[in-house]
Amino acid sequence: KRKLRLIVTNVCNRKCAGCCNVDWVHDRPKQFTVEEATKYNTVIITGGEPLLHPDNVLDLMDKCNKVMLYTAS
């Protein structure tokens with residue numbers, strides 16, 4: 001598998017112009033475990049602000065090969 005785009009939360013304090021995350025919101029999002037995510041070559045972690053859940057994000061980053069982290073900070 002190639003890339004997993006993981007939206008941790010839709011909560012964000014910024015409302016940036018041109019933010020593409022609103023295009024990725026689904027009524028019934030699929031849930032992923034850390035073990036499932038590690039099967040992907042690249043994991044893109046985004047949100048909202050994914051660092052509102054720092055323990056989960058750091059655990060995932062520690063176990064994945066290549067991680068791209070997009071934050072509102």
# chains A, B, ... in the order shown; residues from 1 in each chain; ligands from 1
>>> select_by_dssp(residues="chain A", states="alpha helix (DSSP H)", output="list in words")
Val34, Glu35, Glu36, Ala37, Pro54, Asp55, Asn56, Val57, Leu58, Asp59, Leu60, Met61, Asp62 and Lys63 of chain A
>>> write_last_selection(atoms="C-alpha atoms", output="PDB file, in the first residue's frame")
ATOM      1  CA  VAL A  34      -1.772   1.870  14.569  1.00  0.00           C
ATOM      2  CA  GLU A  35      -1.027  -1.654  13.312  1.00  0.00           C
ATOM      3  CA  GLU A  36      -3.110  -1.087  10.166  1.00  0.00           C
ATOM      4  CA  ALA A  37      -1.464   2.264   9.517  1.00  0.00           C
ATOM      5  CA  PRO A  54      -0.485  14.245  20.955  1.00  0.00           C
ATOM      6  CA  ASP A  55      -0.142  10.800  22.557  1.00  0.00           C
ATOM      7  CA  ASN A  56      -1.938   9.067  19.679  1.00  0.00           C
ATOM      8  CA  VAL A  57      -0.031  11.013  17.018  1.00  0.00           C
ATOM      9  CA  LEU A  58       3.379  10.417  18.627  1.00  0.00           C
ATOM     10  CA  ASP A  59       2.640   6.693  19.004  1.00  0.00           C
ATOM     11  CA  LEU A  60       1.756   6.476  15.324  1.00  0.00           C
ATOM     12  CA  MET A  61       4.807   8.502  14.262  1.00  0.00           C
ATOM     13  CA  ASP A  62       7.068   6.250  16.317  1.00  0.00           C
ATOM     14  CA  LYS A  63       5.843   3.095  14.557  1.00  0.00           C
TER      15      LYS A  63
END
>>> closest_residue(among="A:Gly47, A:Val67, A:Ala72, A:Leu52", to="A:Asn10", atoms="only C-alpha atoms")
A:Gly47
>>> residues_around(residues="A:Thr71", least_positions_apart="6", cutoff="10 Å", atoms="only C-alpha atoms", output="JSON, numbers by chain")
{"A": [12, 45, 46, 47, 48, 49, 50, 51, 52]}
>>> write_last_selection(atoms="C-alpha atoms", output="PDB file, in the first residue's frame")
ATOM      1  CA  CYS A  12      -9.093  23.385  14.030  1.00  0.00           C
ATOM      2  CA  ILE A  45      -1.362  12.879   9.538  1.00  0.00           C
ATOM      3  CA  THR A  46      -3.590  15.915   9.334  1.00  0.00           C
ATOM      4  CA  GLY A  47      -6.763  17.382  10.768  1.00  0.00           C
ATOM      5  CA  GLY A  48      -8.017  19.951  11.931  1.00  0.00           C
ATOM      6  CA  GLU A  49      -5.221  20.075  14.451  1.00  0.00           C
ATOM      7  CA  PRO A  50      -3.893  16.532  14.992  1.00  0.00           C
ATOM      8  CA  LEU A  51      -1.738  17.616  17.932  1.00  0.00           C
ATOM      9  CA  LEU A  52      -4.895  18.016  19.996  1.00  0.00           C
TER      10      LEU A  52
END
>>> select_by_dssp(residues="chain A", states="strand (DSSP E or B)", output="list of chain:residue names")
A:Lys3, A:Leu4, A:Arg5, A:Leu6, A:Ile7, A:Thr42, A:Val43, A:Ile44, A:Ile45, A:Thr46, A:Lys66, A:Val67, A:Met68, A:Leu69
>>> atom_distance(atom1="atom CA of A:Asn41", atom2="atom CA of A:Thr9")
21.8 Å
>>> atom_distance(atom1="atom CA of A:Tyr40", atom2="atom CA of A:Cys16")
28.3 Å
>>> atom_distance(atom1="atom CA of A:Gln31", atom2="atom CA of A:Cys64")
16.8 Å
